[in-house]
$ cat structure-v7.cif   # mmCIF, C-alpha atoms and all ligand atoms
data_entry
#
loop_
_atom_site.group_PDB
_atom_site.id
_atom_site.type_symbol
_atom_site.label_atom_id
_atom_site.label_comp_id
_atom_site.auth_asym_id
_atom_site.auth_seq_id
_atom_site.Cartn_x
_atom_site.Cartn_y
_atom_site.Cartn_z
ATOM 1 C CA MET I 1 -87.496 15.524 -10.666
ATOM 2 C CA PRO I 2 -84.484 13.553 -9.591
ATOM 3 C CA THR I 3 -82.141 14.247 -6.785
ATOM 4 C CA VAL I 4 -78.678 14.835 -8.176
ATOM 5 C CA ALA I 5 -75.178 14.885 -6.731
ATOM 6 C CA ALA I 6 -74.608 18.054 -4.731
ATOM 7 C CA PHE I 7 -73.329 20.940 -6.800
ATOM 8 C CA HIS I 8 -72.753 24.677 -6.493
ATOM 9 C CA GLN I 9 -71.873 27.488 -8.842
ATOM 10 C CA VAL I 10 -68.246 28.069 -9.703
ATOM 11 C CA ASN I 11 -68.387 31.624 -8.270
ATOM 12 C CA GLU I 12 -70.469 30.706 -5.195
ATOM 13 C CA ALA I 13 -67.853 31.986 -2.752
ATOM 14 C CA GLU I 14 -68.008 35.448 -4.355
ATOM 15 C CA LYS I 15 -71.709 35.853 -3.578
ATOM 16 C CA PRO I 16 -73.003 37.576 -0.435
ATOM 17 C CA GLY I 17 -73.112 35.167 2.541
ATOM 18 C CA PRO I 18 -76.868 34.523 2.644
ATOM 19 C CA LYS I 19 -76.876 33.734 -1.090
ATOM 20 C CA ARG I 20 -74.213 31.053 -0.892
ATOM 21 C CA MET I 21 -75.673 27.566 -1.156
ATOM 22 C CA HIS I 22 -75.402 24.228 -2.837
ATOM 23 C CA HIS I 23 -78.106 22.348 -4.717
ATOM 24 C CA THR I 24 -79.176 18.729 -4.755
ATOM 25 C CA ASN I 25 -82.198 18.662 -7.028
ATOM 26 C CA ASP I 26 -82.645 19.130 -10.771
ATOM 27 C CA ALA I 27 -86.065 20.724 -10.261
ATOM 28 C CA CYS I 28 -84.723 23.580 -8.136
ATOM 29 C CA ALA I 29 -85.551 26.982 -9.622
ATOM 30 C CA GLU I 30 -82.190 28.441 -8.612
ATOM 31 C CA GLY I 31 -80.086 25.412 -9.451
ATOM 32 C CA ILE I 32 -81.638 25.178 -12.896
ATOM 33 C CA LYS I 33 -80.224 28.625 -13.721
ATOM 34 C CA ILE I 34 -76.683 27.416 -13.235
ATOM 35 C CA ALA I 35 -75.258 26.266 -16.548
ATOM 36 C CA ARG I 36 -73.666 22.822 -16.585
ATOM 37 C CA SER I 37 -70.340 24.431 -17.402
ATOM 38 C CA GLU I 38 -70.579 26.586 -14.252
ATOM 39 C CA ARG I 39 -71.396 23.730 -11.902
ATOM 40 C CA VAL I 40 -68.864 22.418 -9.458
ATOM 41 C CA GLU I 41 -69.512 19.073 -7.838
ATOM 42 C CA GLY I 42 -69.884 18.932 -4.057
ATOM 43 C CA THR I 43 -71.377 21.159 -1.389
ATOM 44 C CA GLY I 44 -68.391 23.496 -1.245
ATOM 45 C CA GLY I 45 -69.143 23.732 2.470
ATOM 46 C CA PHE I 46 -72.230 25.866 1.744
ATOM 47 C CA ARG I 47 -75.639 25.294 3.277
ATOM 48 C CA ARG I 48 -78.241 23.463 1.256
ATOM 49 C CA CYS I 49 -80.656 25.474 -0.856
ATOM 50 C CA VAL I 50 -84.129 25.732 0.728
ATOM 51 C CA ASP I 51 -85.914 25.013 -2.541
ATOM 52 C CA CYS I 52 -83.822 21.868 -3.006
ATOM 53 C CA SER I 53 -84.766 20.696 0.493
ATOM 54 C CA ARG I 54 -88.416 21.160 -0.387
ATOM 55 C CA GLN I 55 -88.073 19.417 -3.743
ATOM 56 C CA ASP I 56 -86.319 16.486 -2.080
ATOM 57 C CA GLU I 57 -89.149 16.214 0.423
ATOM 58 C CA ILE I 58 -91.741 16.244 -2.351
ATOM 59 C CA ASP I 59 -89.781 13.519 -4.156
ATOM 60 C CA ALA I 60 -89.607 11.427 -0.989
ATOM 61 C CA LEU I 61 -93.355 11.735 -0.442
ATOM 62 C CA ARG I 62 -94.052 10.849 -4.052
ATOM 63 C CA SER I 63 -91.867 7.760 -4.035
ATOM 64 C CA ALA I 64 -93.363 6.658 -0.708
ATOM 65 C CA ALA I 65 -96.848 7.034 -2.193
ATOM 66 C CA ALA I 66 -95.803 5.176 -5.333
ATOM 67 C CA SER I 67 -94.396 2.217 -3.423
ATOM 68 C CA GLY I 68 -97.312 2.141 -1.010
ATOM 69 C CA THR I 69 -95.151 2.586 2.055
ATOM 70 C CA ARG I 70 -94.847 5.482 4.430
HETATM 71 ZN ZN ZN Y 101 -81.455 24.529 -5.057
#

$ encode --input "structure-v7.cif" --output "structure tokens"
Amino acid sequence: MPTVAAFHQVNEAEKPGPKRMHHTNDACAEGIKIARSERVEGTGGFRRCVDCSRQDEIDALRSAAASGTR
């Protein structure tokens, strides 16, 4: 799934500290729950979602494998 521009939920700042995060991948299980209308572009200064980091790594490995480079 593609990496997308960083986004976070419109009410992200109202969540408990550890739950505040931004997303960068369309395949993220948490990010996918955020409706398009509730998405705000940018990181908002929040840390990146762990699942998004993992998805981005998987994407990077896949594209490296596809292009034959490492
Ligand atoms: Zn995420």

$ atom_distance --input "structure-v7.cif" --atom1 "atom CA of I:Asn25" --atom2 "atom CA of I:Gly68"
23.2 Å

$ residues_near_ligand --input "structure-v7.cif" --ligand "ligand ZN 101 (chain Y)" --cutoff "12 Å" --atoms "all atoms listed in the file" --output "PyMOL selection string"
chain I and resi 3-9+19-34+43+46-56

$ atom_distance --input "structure-v7.cif" --atom1 "atom CA of I:Asn11" --atom2 "atom CA of I:Glu38"
8.1 Å

$ atom_distance --input "structure-v7.cif" --atom1 "atom CA of I:Gly42" --atom2 "atom CA of I:Val10"
10.9 Å

$ axis_aligned_box --input "structure-v7.cif" --around "stretch 28-38 of chain I" --padding-each-side "5 Å" --output "JSON"
{"center_x": -77.9, "center_y": 25.7, "center_z": -12.8, "size_x": 25.2, "size_y": 15.8, "size_z": 19.3}

$ decode --input "structure-v7.cif" --residues "stretch 21-36 of chain I" --atoms "N, CA and C atoms" --output "compact mmCIF listing (two decimals), in the first residue's frame"
# COMPACT_ATOMS: atom_id res chain seq x y z
N MET I 21 -0.48 10.40 17.63
CA MET I 21 0.46 10.01 16.57
C MET I 21 -0.02 10.53 15.24
N HIS I 22 0.89 10.48 14.28
CA HIS I 22 0.48 10.79 12.91
C HIS I 22 0.76 9.56 12.04
N HIS I 23 0.13 9.51 10.91
CA HIS I 23 0.23 8.35 10.02
C HIS I 23 0.81 8.75 8.67
N THR I 24 1.45 7.78 8.04
CA THR I 24 2.07 8.05 6.73
C THR I 24 1.80 6.95 5.73
N ASN I 25 0.92 6.01 6.09
CA ASN I 25 0.70 4.89 5.17
C ASN I 25 -0.77 4.49 5.12
N ASP I 26 -1.27 4.30 3.91
CA ASP I 26 -2.67 3.97 3.70
C ASP I 26 -3.04 2.59 4.24
N ALA I 27 -2.03 1.72 4.43
CA ALA I 27 -2.31 0.36 4.88
C ALA I 27 -2.37 0.25 6.40
N CYS I 28 -2.07 1.32 7.10
CA CYS I 28 -2.04 1.30 8.55
C CYS I 28 -3.42 1.01 9.14
N ALA I 29 -3.46 0.06 10.08
CA ALA I 29 -4.74 -0.36 10.66
C ALA I 29 -5.41 0.76 11.45
N GLU I 30 -4.61 1.60 12.08
CA GLU I 30 -5.17 2.71 12.85
C GLU I 30 -5.55 3.88 11.93
N GLY I 31 -4.66 4.18 11.01
CA GLY I 31 -4.91 5.30 10.10
C GLY I 31 -6.14 5.09 9.24
N ILE I 32 -6.38 3.81 8.90
CA ILE I 32 -7.49 3.48 8.02
C ILE I 32 -8.83 3.75 8.68
N LYS I 33 -8.82 3.79 10.03
CA LYS I 33 -10.06 4.06 10.78
C LYS I 33 -10.45 5.53 10.77
N ILE I 34 -9.48 6.36 10.42
CA ILE I 34 -9.76 7.80 10.43
C ILE I 34 -10.42 8.20 9.12
N ALA I 35 -11.64 8.68 9.21
CA ALA I 35 -12.37 9.08 8.01
C ALA I 35 -11.66 10.23 7.32
N ARG I 36 -11.78 10.27 6.00
CA ARG I 36 -11.13 11.33 5.23
C ARG I 36 -11.49 12.71 5.77
